[in-house]
Amino acid sequence: MASPSLATIEELQARLGRPLESDEVPLATAALADASALVRSYGLPWADPAAAPDVAVSITLAAAERRVRNPEGYRMEMEGSYQYQLPASAPTGVALTKSEIALLTQLSGRGGLVSVEVQRPVTVDDTWYAPVAGTSERLPWGVPGDPGAPR
């Protein structure tokens with residue numbers, strides 16, 4: 001069973017600044033459910049919406065609002081001399097922006113694992129050392145390239 005949405009229809013209507021039409025309610029409900037699932041996937045499970053941080057609820061509402069305002073996902077519209085275009089980087093539907101994902105990742109405490117290759121000069125001493133009977137000393141015997149050194 002799906003978890004409840006992190007935000008309500010009433011909160012979404014407040015963001016939109018208008019009541020939803022009856023035919024928009026199913027779209028808005030689905031958008032809130034989808035946005036909540038995405039927010040939880042980058043953040044924490046937040047099974048109880050009341051326990052979700054304000055930032056998570058805000059991001060859920062922003063993503064759902066984008067979907068309700070632009071259900072077809074248009075990036076550009078034009079009529080006569082009027083033209084409106086969204087940047088290519090702007091998300092459509094309930095997709096999250098990079099900054100929203102970064103906020104949720106930070107909020108969840110999951111920074112991820114990063115591996116950095118470390119390179120440094122290394123010299124290998126391939127001199128063979130012979131044990132000295134009766135002591136813990138070892139004497140060098142042969143040097144690199146010495147054909148008489150044991151290998």
# chains A, B, ... in the order shown; residues from 1 in each chain; ligands from 1
>>> residues_around(residues="A:Leu20", least_positions_apart="2", cutoff="12 Å", atoms="only C-alpha atoms", output="list of chain:residue names")
A:Ile9, A:Glu10, A:Glu11, A:Leu12, A:Gln13, A:Ala14, A:Arg15, A:Leu16, A:Gly17, A:Arg18, A:Ser22, A:Asp23, A:Glu24, A:Val25, A:Pro26, A:Leu27, A:Ala28, A:Thr29, A:Glu65, A:Val68, A:Arg69
>>> residues_around(residues="A:Thr97", least_positions_apart="4", cutoff="12 Å", atoms="only C-alpha atoms", output="PyMOL selection string")
chain A and resi 35+38-39+42+59-60+62-63+66+89-93+101-104
>>> atom_distance(atom1="atom CA of A:Thr8", atom2="atom CA of A:Arg40")
15.7 Å
>>> atom_distance(atom1="atom CA of A:Glu100", atom2="atom CA of A:Leu61")
11.7 Å
>>> residues_around(residues="stretch 44-48 of chain A", least_positions_apart="4", cutoff="9 Å", atoms="only C-alpha atoms", output="PDB file with N, CA and C atoms, in the first residue's frame")
ATOM      1  N   SER A   3       2.197   4.959   0.694  1.00  0.00           N
ATOM      2  CA  SER A   3       2.175   5.867   1.844  1.00  0.00           C
ATOM      3  C   SER A   3       1.307   7.075   1.514  1.00  0.00           C
ATOM      4  N   PRO A   4       0.732   7.716   2.527  1.00  0.00           N
ATOM      5  CA  PRO A   4      -0.065   8.917   2.254  1.00  0.00           C
ATOM      6  C   PRO A   4       0.815  10.053   1.738  1.00  0.00           C
ATOM      7  N   LEU A   6       2.618  13.565   1.269  1.00  0.00           N
ATOM      8  CA  LEU A   6       3.239  14.443   2.261  1.00  0.00           C
ATOM      9  C   LEU A   6       2.549  15.802   2.352  1.00  0.00           C
ATOM     10  N   ALA A  37       6.305  10.332  -3.407  1.00  0.00           N
ATOM     11  CA  ALA A  37       7.162   9.156  -3.615  1.00  0.00           C
ATOM     12  C   ALA A  37       8.576   9.574  -4.011  1.00  0.00           C
ATOM     13  N   VAL A  39      10.064  12.506  -3.358  1.00  0.00           N
ATOM     14  CA  VAL A  39      10.683  13.170  -2.207  1.00  0.00           C
ATOM     15  C   VAL A  39      11.166  12.124  -1.204  1.00  0.00           C
ATOM     16  N   ARG A  40      10.370  11.100  -0.971  1.00  0.00           N
ATOM     17  CA  ARG A  40      10.781  10.034  -0.049  1.00  0.00           C
ATOM     18  C   ARG A  40      11.972   9.249  -0.596  1.00  0.00           C
ATOM     19  N   ALA A  52       7.092  14.699   8.585  1.00  0.00           N
ATOM     20  CA  ALA A  52       7.975  15.156   7.503  1.00  0.00           C
ATOM     21  C   ALA A  52       8.380  16.606   7.747  1.00  0.00           C
ATOM     22  N   PRO A  53       9.648  16.928   7.498  1.00  0.00           N
ATOM     23  CA  PRO A  53      10.097  18.312   7.669  1.00  0.00           C
ATOM     24  C   PRO A  53       9.394  19.251   6.686  1.00  0.00           C
ATOM     25  N   LEU A 104      17.089  17.479  -0.200  1.00  0.00           N
ATOM     26  CA  LEU A 104      16.564  16.242   0.381  1.00  0.00           C
ATOM     27  C   LEU A 104      17.684  15.298   0.803  1.00  0.00           C
ATOM     28  N   THR A 105      18.718  15.213  -0.006  1.00  0.00           N
ATOM     29  CA  THR A 105      19.864  14.358   0.335  1.00  0.00           C
ATOM     30  C   THR A 105      20.529  14.863   1.604  1.00  0.00           C
ATOM     31  N   LEU A 107      19.099  16.692   3.912  1.00  0.00           N
ATOM     32  CA  LEU A 107      18.125  16.516   4.988  1.00  0.00           C
ATOM     33  C   LEU A 107      18.122  15.088   5.509  1.00  0.00           C
ATOM     34  N   SER A 108      18.349  14.138   4.624  1.00  0.00           N
ATOM     35  CA  SER A 108      18.320  12.728   5.013  1.00  0.00           C
ATOM     36  C   SER A 108      19.609  12.282   5.691  1.00  0.00           C
TER      37      SER A 108
END
>>> residues_around(residues="A:Met76", least_positions_apart="2", cutoff="10 Å", atoms="only C-alpha atoms", output="list in words")
Gly73, Tyr74, Met78, Gln83, Tyr84, Gln85, Leu86, Pro87 and Ala88 of chain A
>>> atom_distance(atom1="atom CA of A:Ser5", atom2="atom CA of A:Lys98")
21.5 Å
